[in-house]
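Shown next, in structure tokens, is the structure this report addresses.
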Amino acid sequence: MVAAMPLDAATGLIEPRSRRGAALDVSGLSHEFELDGRRLSVLDRISFHAEPGEFVALLGPSGCGKSTLLRLVAGLEPPCAGRLSMDGRRIEGPDPSRVVVFQDPTLYPWRTVWRNVALGLEARKLLRHRREAVDDALRLVGLSGFANAYPHQLSGGMAQRAALARALVNDPMILILDEPFGQLDSLTRIAMQAELVSLWQRSSFTALLVTHDVEEALLLAGRVIVLSDRPARIQAEVVNNQPYPRHRGDARLVELRREVFSRLGLDDTW
Ligand code: ADP
Ligand code: MG
């Protein structure tokens with residue numbers, strides 16, 4: 001499918017805004033760190049493929065190497081071994097088409113929500129012609145009424161929505177999410193999970209979500225890649241074709257949860 005090339009109203013230029021996600025290929029990826037003169041192996045021959053627009057979750061225990069894997073996909077550091085590519089092109093550094101949303105929203109306290117969301121465009125000197133993209137991103141996450149608020153005036157959920165808008169303003173082809181709801185209370189978390197699915201359905205980026213929460217992975221993703229303890233290896237892949245919106249109590253989801261727990265070597269005792 002060819003992405004639409006809308007005419008930008010402000011500049012009159014044809015703008016290659018992606019209306020689809022990119023394919024991601026991770027092949028034989030291994031990584032290690034040096035710690036106190038010892039080598040710490042963190043990723044061990046990880047290989048997987050994500051289709052354009054797919055929602056993939058990487059599920060694994062704390063400390064197994066999930067954030068490291070995402071940093072490599074984001075191009076924030078080069079892998080020790082293996083190959084990463086996006087739509088067949090090698091990933092060699094960070095790029096606005098691949099943005100990360102971290103657990104901590106890390107907004108600048110001295111900037112308003114609008115100016116925090118505008119950061120990416122400002123850094124790329126695109127803001128002058130793309131101010132409406134900031135408004136669009138704020139609308140997408142339901143923060144239009146808080147454009148002029150400062151981060152200390154937001155709840156945790158709103159701050160994380162602002163962080164999502166800051167990522168979305170770049171119109172990413174791959175949205176990388178590193179335990180994005182980990183610091184939220186359980187009710188806000190449930191609301192944000194539903195919002196993320198609807199954002200993904202409307203924007204059709206490829207989503208790569210890291211989580212240690214089995215239920216979250218199964219509620220959101222079409223495929224769950226289960227990782228072992230460090231060094232992370234792929235233990236299993238669980239496909240979840242359940243339609244959205246999904247419900248926690250759904251019999252099929254309960255069954256899949258049991259399957260994932262057993263793949264993690266844990267009993268589903270609840
Ligand atoms: P996860 O996100 O799954 O909790 P991480 O990828 O953050 O795990 O970390 C995996 C392992 O790599 C941990 O043992 C951590 O201490 C180690 N690690 C992460 N980053 C570095 C670094 N820059 N230098 C040394 N060790 C690191
Ligand atoms: Mg992590």
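Residues are named by chain letter and number: chains run A, B, ... in the order of the structure tokens, numbers start at 1 in each chain, and ligands are numbered from 1 in the order shown.
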
Contacts of A:Leu143 at 8 Å (only C-alpha atoms; same-chain gap of 6+ positions) as a PyMOL selection string
chain A and resi 158+161-162

Suppose we keep all heavy atoms; can you now write the selection as a PDB file, in the first residue's frame?
ATOM      1  N   MET A 158      -2.297  12.529  32.851  1.00  0.00           N
ATOM      2  CA  MET A 158      -2.245  13.625  31.873  1.00  0.00           C
ATOM      3  C   MET A 158      -0.809  13.873  31.432  1.00  0.00           C
ATOM      4  O   MET A 158      -0.550  14.146  30.250  1.00  0.00           O
ATOM      5  CB  MET A 158      -2.847  14.897  32.474  1.00  0.00           C
ATOM      6  CG  MET A 158      -4.356  14.827  32.623  1.00  0.00           C
ATOM      7  SD  MET A 158      -4.935  16.013  33.851  1.00  0.00           S
ATOM      8  CE  MET A 158      -4.948  17.502  32.897  1.00  0.00           C
ATOM      9  N   ARG A 161      -0.002  11.345  28.955  1.00  0.00           N
ATOM     10  CA  ARG A 161      -0.663  11.675  27.687  1.00  0.00           C
ATOM     11  C   ARG A 161       0.115  12.751  26.942  1.00  0.00           C
ATOM     12  O   ARG A 161       0.245  12.700  25.722  1.00  0.00           O
ATOM     13  CB  ARG A 161      -2.082  12.180  27.933  1.00  0.00           C
ATOM     14  CG  ARG A 161      -3.050  11.068  27.951  1.00  0.00           C
ATOM     15  CD  ARG A 161      -4.452  11.624  27.882  1.00  0.00           C
ATOM     16  NE  ARG A 161      -5.203  10.937  28.893  1.00  0.00           N
ATOM     17  CZ  ARG A 161      -6.080  11.486  29.701  1.00  0.00           C
ATOM     18  NH1 ARG A 161      -6.355  12.767  29.592  1.00  0.00           N
ATOM     19  NH2 ARG A 161      -6.676  10.772  30.589  1.00  0.00           N
ATOM     20  N   ALA A 162       0.642  13.720  27.693  1.00  0.00           N
ATOM     21  CA  ALA A 162       1.451  14.767  27.053  1.00  0.00           C
ATOM     22  C   ALA A 162       2.713  14.141  26.435  1.00  0.00           C
ATOM     23  O   ALA A 162       3.125  14.508  25.330  1.00  0.00           O
ATOM     24  CB  ALA A 162       1.827  15.846  28.070  1.00  0.00           C
TER      25      ALA A 162
END

List the spatial neighbours of A:Ser228 as an NGL selection string - criterion: any atom at most 9 Å away, only C-alpha atoms, same-chain residues fewer than 2 positions off excluded.
:A and (59-61 or 64 or 226 or 230-235 or 264)

Could I get the residues of chain A with an atom no further than 12 Å from an atom of ligand 1, each paired with its nearest atom pair and that distance in Å to one decimal, using only C-alpha atoms and all ligand atoms, sorted by chain and residue number, as CSV?
residue,atom,partner,partner_atom_place_in_ligand_line,distance
A:His31,CA,ligand 1,12 (O),9.2
A:Glu32,CA,ligand 1,12 (O),7.7
A:Phe33,CA,ligand 1,25 (C),4.9
A:Glu34,CA,ligand 1,25 (C),5.9
A:Leu35,CA,ligand 1,25 (C),5.4
A:Asp36,CA,ligand 1,25 (C),9.0
A:Gly37,CA,ligand 1,25 (C),10.6
A:Arg38,CA,ligand 1,25 (C),10.0
A:Arg39,CA,ligand 1,25 (C),9.0
A:Leu40,CA,ligand 1,26 (N),7.0
A:Ser41,CA,ligand 1,12 (O),7.7
A:Val42,CA,ligand 1,12 (O),5.5
A:Leu43,CA,ligand 1,10 (C),8.3
A:Asp44,CA,ligand 1,10 (C),11.7
A:Leu58,CA,ligand 1,3 (O),9.6
A:Leu59,CA,ligand 1,3 (O),8.8
A:Gly60,CA,ligand 1,3 (O),6.5
A:Pro61,CA,ligand 1,3 (O),6.2
A:Ser62,CA,ligand 1,4 (O),4.0
A:Gly63,CA,ligand 1,4 (O),3.3
A:Cys64,CA,ligand 1,3 (O),4.0
A:Gly65,CA,ligand 1,6 (O),3.2
A:Lys66,CA,ligand 1,3 (O),3.7
A:Ser67,CA,ligand 1,2 (O),3.7
A:Thr68,CA,ligand 1,6 (O),3.7
A:Leu69,CA,ligand 1,6 (O),6.5
A:Leu70,CA,ligand 1,6 (O),8.1
A:Arg71,CA,ligand 1,6 (O),8.4
A:Leu72,CA,ligand 1,6 (O),10.1
A:Leu76,CA,ligand 1,23 (N),11.3
A:Glu77,CA,ligand 1,23 (N),9.9
A:Phe102,CA,ligand 1,2 (O),10.7
A:Gln103,CA,ligand 1,2 (O),10.5
A:Leu177,CA,ligand 1,2 (O),11.3
A:Asp178,CA,ligand 1,2 (O),7.8
A:Glu179,CA,ligand 1,2 (O),8.6
A:Pro180,CA,ligand 1,2 (O),11.8
A:Gly182,CA,ligand 1,4 (O),11.8
A:Leu209,CA,ligand 1,2 (O),11.5
A:Val210,CA,ligand 1,2 (O),8.0
A:Thr211,CA,ligand 1,3 (O),8.5
A:His212,CA,ligand 1,3 (O),8.1
A:Asp213,CA,ligand 1,3 (O),11.9
A:Val226,CA,ligand 1,3 (O),11.7
A:Leu227,CA,ligand 1,3 (O),9.1
A:Ser228,CA,ligand 1,3 (O),9.8
A:Asp229,CA,ligand 1,3 (O),8.4
A:Arg230,CA,ligand 1,10 (C),6.8
A:Pro231,CA,ligand 1,10 (C),7.9
A:Ala232,CA,ligand 1,3 (O),8.2
A:Arg233,CA,ligand 1,3 (O),11.5

Straight-line distance linking atom CA of A:Thr106 with atom CA of A:Leu218, stated in Å to one decimal
27.0 Å

All residues 8 Å or closer to stretch 119-123 of chain A, only C-alpha atoms, same chain fewer than 3 positions away omitted, as an MDAnalysis selection string:
chainID A and resid 96 115:116 126:127 130 166:167 169:170

Taking 4 positions as the minimum chain separation for residues in the same chain, which residues sit within 8 Å of A:Leu140 when counting only C-alpha atoms? Answer as a ChimeraX atom specification.
/A:136,165,199

Using only C-alpha atoms, determine which residues lie at most 12 Å from A:Glu195, disregarding the query and same-chain residues fewer than 6 positions distant; provide the list as a list of chain:residue names.
A:Leu140, A:Val141, A:Gly142, A:Gly157, A:Met158, A:Gln160, A:Arg161, A:Leu164, A:Phe181, A:Thr188, A:Arg189, A:Gln201, A:Arg202, A:Leu219, A:Leu220, A:Tyr244, A:Pro245

Contacts of stretch 50-57 of chain A at 8 Å (only C-alpha atoms; same-chain gap of 5+ positions) as number ranges by chain
A: 20-25, 204-211, 217, 220-225

Can you write just those residues out, N, CA and C atoms, as a PDB file, in the first residue's frame?
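again00.pdb, freshly written:
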ATOM      1  N   ARG A  20       0.921   4.944   7.636  1.00  0.00           N
ATOM      2  CA  ARG A  20       1.044   3.530   7.920  1.00  0.00           C
ATOM      3  C   ARG A  20       2.329   3.337   8.709  1.00  0.00           C
ATOM      4  N   GLY A  21       2.436   2.189   9.348  1.00  0.00           N
ATOM      5  CA  GLY A  21       3.642   1.926  10.107  1.00  0.00           C
ATOM      6  C   GLY A  21       4.720   1.344   9.220  1.00  0.00           C
ATOM      7  N   ALA A  22       5.890   1.163   9.799  1.00  0.00           N
ATOM      8  CA  ALA A  22       6.997   0.555   9.073  1.00  0.00           C
ATOM      9  C   ALA A  22       7.173  -0.891   9.541  1.00  0.00           C
ATOM     10  N   ALA A  23       7.793  -1.696   8.689  1.00  0.00           N
ATOM     11  CA  ALA A  23       8.163  -3.048   9.097  1.00  0.00           C
ATOM     12  C   ALA A  23       9.455  -2.956   9.914  1.00  0.00           C
ATOM     13  N   LEU A  24       9.560  -3.800  10.906  1.00  0.00           N
ATOM     14  CA  LEU A  24      10.777  -3.831  11.722  1.00  0.00           C
ATOM     15  C   LEU A  24      11.370  -5.231  11.667  1.00  0.00           C
ATOM     16  N   ASP A  25      12.664  -5.308  11.384  1.00  0.00           N
ATOM     17  CA  ASP A  25      13.345  -6.595  11.401  1.00  0.00           C
ATOM     18  C   ASP A  25      14.477  -6.575  12.395  1.00  0.00           C
ATOM     19  N   SER A 204      -2.306   4.116  12.975  1.00  0.00           N
ATOM     20  CA  SER A 204      -1.743   2.961  12.280  1.00  0.00           C
ATOM     21  C   SER A 204      -0.223   2.884  12.221  1.00  0.00           C
ATOM     22  N   PHE A 205       0.458   3.455  13.238  1.00  0.00           N
ATOM     23  CA  PHE A 205       1.903   3.218  13.369  1.00  0.00           C
ATOM     24  C   PHE A 205       2.130   1.767  13.818  1.00  0.00           C
ATOM     25  N   THR A 206       3.350   1.290  13.652  1.00  0.00           N
ATOM     26  CA  THR A 206       3.732   0.005  14.222  1.00  0.00           C
ATOM     27  C   THR A 206       4.043   0.261  15.697  1.00  0.00           C
ATOM     28  N   ALA A 207       3.461  -0.527  16.584  1.00  0.00           N
ATOM     29  CA  ALA A 207       3.688  -0.299  18.011  1.00  0.00           C
ATOM     30  C   ALA A 207       4.530  -1.425  18.592  1.00  0.00           C
ATOM     31  N   LEU A 208       5.560  -1.028  19.338  1.00  0.00           N
ATOM     32  CA  LEU A 208       6.413  -1.993  20.019  1.00  0.00           C
ATOM     33  C   LEU A 208       6.383  -1.630  21.492  1.00  0.00           C
ATOM     34  N   LEU A 209       5.689  -2.438  22.263  1.00  0.00           N
ATOM     35  CA  LEU A 209       5.456  -2.127  23.680  1.00  0.00           C
ATOM     36  C   LEU A 209       6.223  -3.090  24.568  1.00  0.00           C
ATOM     37  N   VAL A 210       6.997  -2.540  25.480  1.00  0.00           N
ATOM     38  CA  VAL A 210       7.668  -3.372  26.467  1.00  0.00           C
ATOM     39  C   VAL A 210       6.866  -3.317  27.763  1.00  0.00           C
ATOM     40  N   THR A 211       6.639  -4.476  28.340  1.00  0.00           N
ATOM     41  CA  THR A 211       5.933  -4.506  29.614  1.00  0.00           C
ATOM     42  C   THR A 211       6.327  -5.764  30.388  1.00  0.00           C
ATOM     43  N   ALA A 217       0.044  -6.845  28.150  1.00  0.00           N
ATOM     44  CA  ALA A 217       0.520  -7.337  26.862  1.00  0.00           C
ATOM     45  C   ALA A 217      -0.633  -7.983  26.091  1.00  0.00           C
ATOM     46  N   LEU A 220      -3.394  -5.459  24.795  1.00  0.00           N
ATOM     47  CA  LEU A 220      -3.038  -4.481  23.782  1.00  0.00           C
ATOM     48  C   LEU A 220      -2.508  -5.094  22.484  1.00  0.00           C
ATOM     49  N   ALA A 221      -1.712  -6.136  22.589  1.00  0.00           N
ATOM     50  CA  ALA A 221      -0.934  -6.552  21.421  1.00  0.00           C
ATOM     51  C   ALA A 221      -1.590  -7.663  20.623  1.00  0.00           C
ATOM     52  N   GLY A 222      -1.237  -7.716  19.344  1.00  0.00           N
ATOM     53  CA  GLY A 222      -1.668  -8.802  18.482  1.00  0.00           C
ATOM     54  C   GLY A 222      -0.721  -9.986  18.598  1.00  0.00           C
ATOM     55  N   ARG A 223       0.470  -9.698  19.096  1.00  0.00           N
ATOM     56  CA  ARG A 223       1.455 -10.773  19.272  1.00  0.00           C
ATOM     57  C   ARG A 223       2.306 -10.436  20.485  1.00  0.00           C
ATOM     58  N   VAL A 224       2.508 -11.417  21.333  1.00  0.00           N
ATOM     59  CA  VAL A 224       3.305 -11.205  22.543  1.00  0.00           C
ATOM     60  C   VAL A 224       4.565 -12.067  22.439  1.00  0.00           C
ATOM     61  N   ILE A 225       5.714 -11.402  22.483  1.00  0.00           N
ATOM     62  CA  ILE A 225       6.985 -12.125  22.448  1.00  0.00           C
ATOM     63  C   ILE A 225       7.463 -12.246  23.892  1.00  0.00           C
TER      64      ILE A 225
END

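Interatomic distance, atom CA of A:Gly28 against atom CA of A:Gly88: 15.3 Å.
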
If you run DSSP over the backbone, which residues in stretch 90-230 of chain A end up strand (DSSP E)? Put them as a PDB file with N, CA and C atoms, in the first residue's frame.
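The new file states27.pdb reads:
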ATOM      1  N   ARG A  90      18.826  -0.291   7.163  1.00  0.00           N
ATOM      2  CA  ARG A  90      19.517  -0.512   8.428  1.00  0.00           C
ATOM      3  C   ARG A  90      19.304   0.662   9.395  1.00  0.00           C
ATOM      4  N   ARG A  98      11.064   6.970  14.498  1.00  0.00           N
ATOM      5  CA  ARG A  98      11.048   5.926  15.545  1.00  0.00           C
ATOM      6  C   ARG A  98      11.186   6.633  16.878  1.00  0.00           C
ATOM      7  N   VAL A  99      10.104   6.805  17.590  1.00  0.00           N
ATOM      8  CA  VAL A  99      10.212   7.555  18.845  1.00  0.00           C
ATOM      9  C   VAL A  99       9.839   6.691  20.041  1.00  0.00           C
ATOM     10  N   VAL A 100      10.444   7.028  21.159  1.00  0.00           N
ATOM     11  CA  VAL A 100      10.240   6.243  22.376  1.00  0.00           C
ATOM     12  C   VAL A 100       9.428   7.038  23.394  1.00  0.00           C
ATOM     13  N   VAL A 101       8.471   6.367  24.005  1.00  0.00           N
ATOM     14  CA  VAL A 101       7.780   6.924  25.169  1.00  0.00           C
ATOM     15  C   VAL A 101       8.256   6.116  26.373  1.00  0.00           C
ATOM     16  N   ILE A 174       7.205   3.975  13.729  1.00  0.00           N
ATOM     17  CA  ILE A 174       7.257   2.978  14.798  1.00  0.00           C
ATOM     18  C   ILE A 174       7.190   3.734  16.123  1.00  0.00           C
ATOM     19  N   LEU A 175       6.204   3.401  16.929  1.00  0.00           N
ATOM     20  CA  LEU A 175       6.106   3.995  18.261  1.00  0.00           C
ATOM     21  C   LEU A 175       6.606   2.955  19.256  1.00  0.00           C
ATOM     22  N   ILE A 176       7.632   3.343  19.996  1.00  0.00           N
ATOM     23  CA  ILE A 176       8.290   2.433  20.927  1.00  0.00           C
ATOM     24  C   ILE A 176       7.879   2.845  22.336  1.00  0.00           C
ATOM     25  N   LEU A 177       7.312   1.919  23.080  1.00  0.00           N
ATOM     26  CA  LEU A 177       6.765   2.265  24.396  1.00  0.00           C
ATOM     27  C   LEU A 177       7.435   1.420  25.470  1.00  0.00           C
ATOM     28  N   ASP A 178       8.157   2.076  26.373  1.00  0.00           N
ATOM     29  CA  ASP A 178       8.884   1.343  27.411  1.00  0.00           C
ATOM     30  C   ASP A 178       8.127   1.431  28.741  1.00  0.00           C
ATOM     31  N   THR A 206       3.350   1.290  13.652  1.00  0.00           N
ATOM     32  CA  THR A 206       3.732   0.005  14.222  1.00  0.00           C
ATOM     33  C   THR A 206       4.043   0.261  15.697  1.00  0.00           C
ATOM     34  N   ALA A 207       3.461  -0.527  16.584  1.00  0.00           N
ATOM     35  CA  ALA A 207       3.688  -0.299  18.011  1.00  0.00           C
ATOM     36  C   ALA A 207       4.530  -1.425  18.592  1.00  0.00           C
ATOM     37  N   LEU A 208       5.560  -1.028  19.338  1.00  0.00           N
ATOM     38  CA  LEU A 208       6.413  -1.993  20.019  1.00  0.00           C
ATOM     39  C   LEU A 208       6.383  -1.630  21.492  1.00  0.00           C
ATOM     40  N   LEU A 209       5.689  -2.438  22.263  1.00  0.00           N
ATOM     41  CA  LEU A 209       5.456  -2.127  23.680  1.00  0.00           C
ATOM     42  C   LEU A 209       6.223  -3.090  24.568  1.00  0.00           C
ATOM     43  N   VAL A 210       6.997  -2.540  25.480  1.00  0.00           N
ATOM     44  CA  VAL A 210       7.668  -3.372  26.467  1.00  0.00           C
ATOM     45  C   VAL A 210       6.866  -3.317  27.763  1.00  0.00           C
ATOM     46  N   THR A 211       6.639  -4.476  28.340  1.00  0.00           N
ATOM     47  CA  THR A 211       5.933  -4.506  29.614  1.00  0.00           C
ATOM     48  C   THR A 211       6.327  -5.764  30.388  1.00  0.00           C
ATOM     49  N   ARG A 223       0.470  -9.698  19.096  1.00  0.00           N
ATOM     50  CA  ARG A 223       1.455 -10.773  19.272  1.00  0.00           C
ATOM     51  C   ARG A 223       2.306 -10.436  20.485  1.00  0.00           C
ATOM     52  N   VAL A 224       2.508 -11.417  21.333  1.00  0.00           N
ATOM     53  CA  VAL A 224       3.305 -11.205  22.543  1.00  0.00           C
ATOM     54  C   VAL A 224       4.565 -12.067  22.439  1.00  0.00           C
ATOM     55  N   ILE A 225       5.714 -11.402  22.483  1.00  0.00           N
ATOM     56  CA  ILE A 225       6.985 -12.125  22.448  1.00  0.00           C
ATOM     57  C   ILE A 225       7.463 -12.246  23.892  1.00  0.00           C
ATOM     58  N   VAL A 226       7.577 -13.480  24.343  1.00  0.00           N
ATOM     59  CA  VAL A 226       7.918 -13.724  25.745  1.00  0.00           C
ATOM     60  C   VAL A 226       9.430 -13.906  25.867  1.00  0.00           C
ATOM     61  N   LEU A 227      10.045 -13.089  26.709  1.00  0.00           N
ATOM     62  CA  LEU A 227      11.505 -13.127  26.885  1.00  0.00           C
ATOM     63  C   LEU A 227      11.871 -13.841  28.183  1.00  0.00           C
TER      64      LEU A 227
END
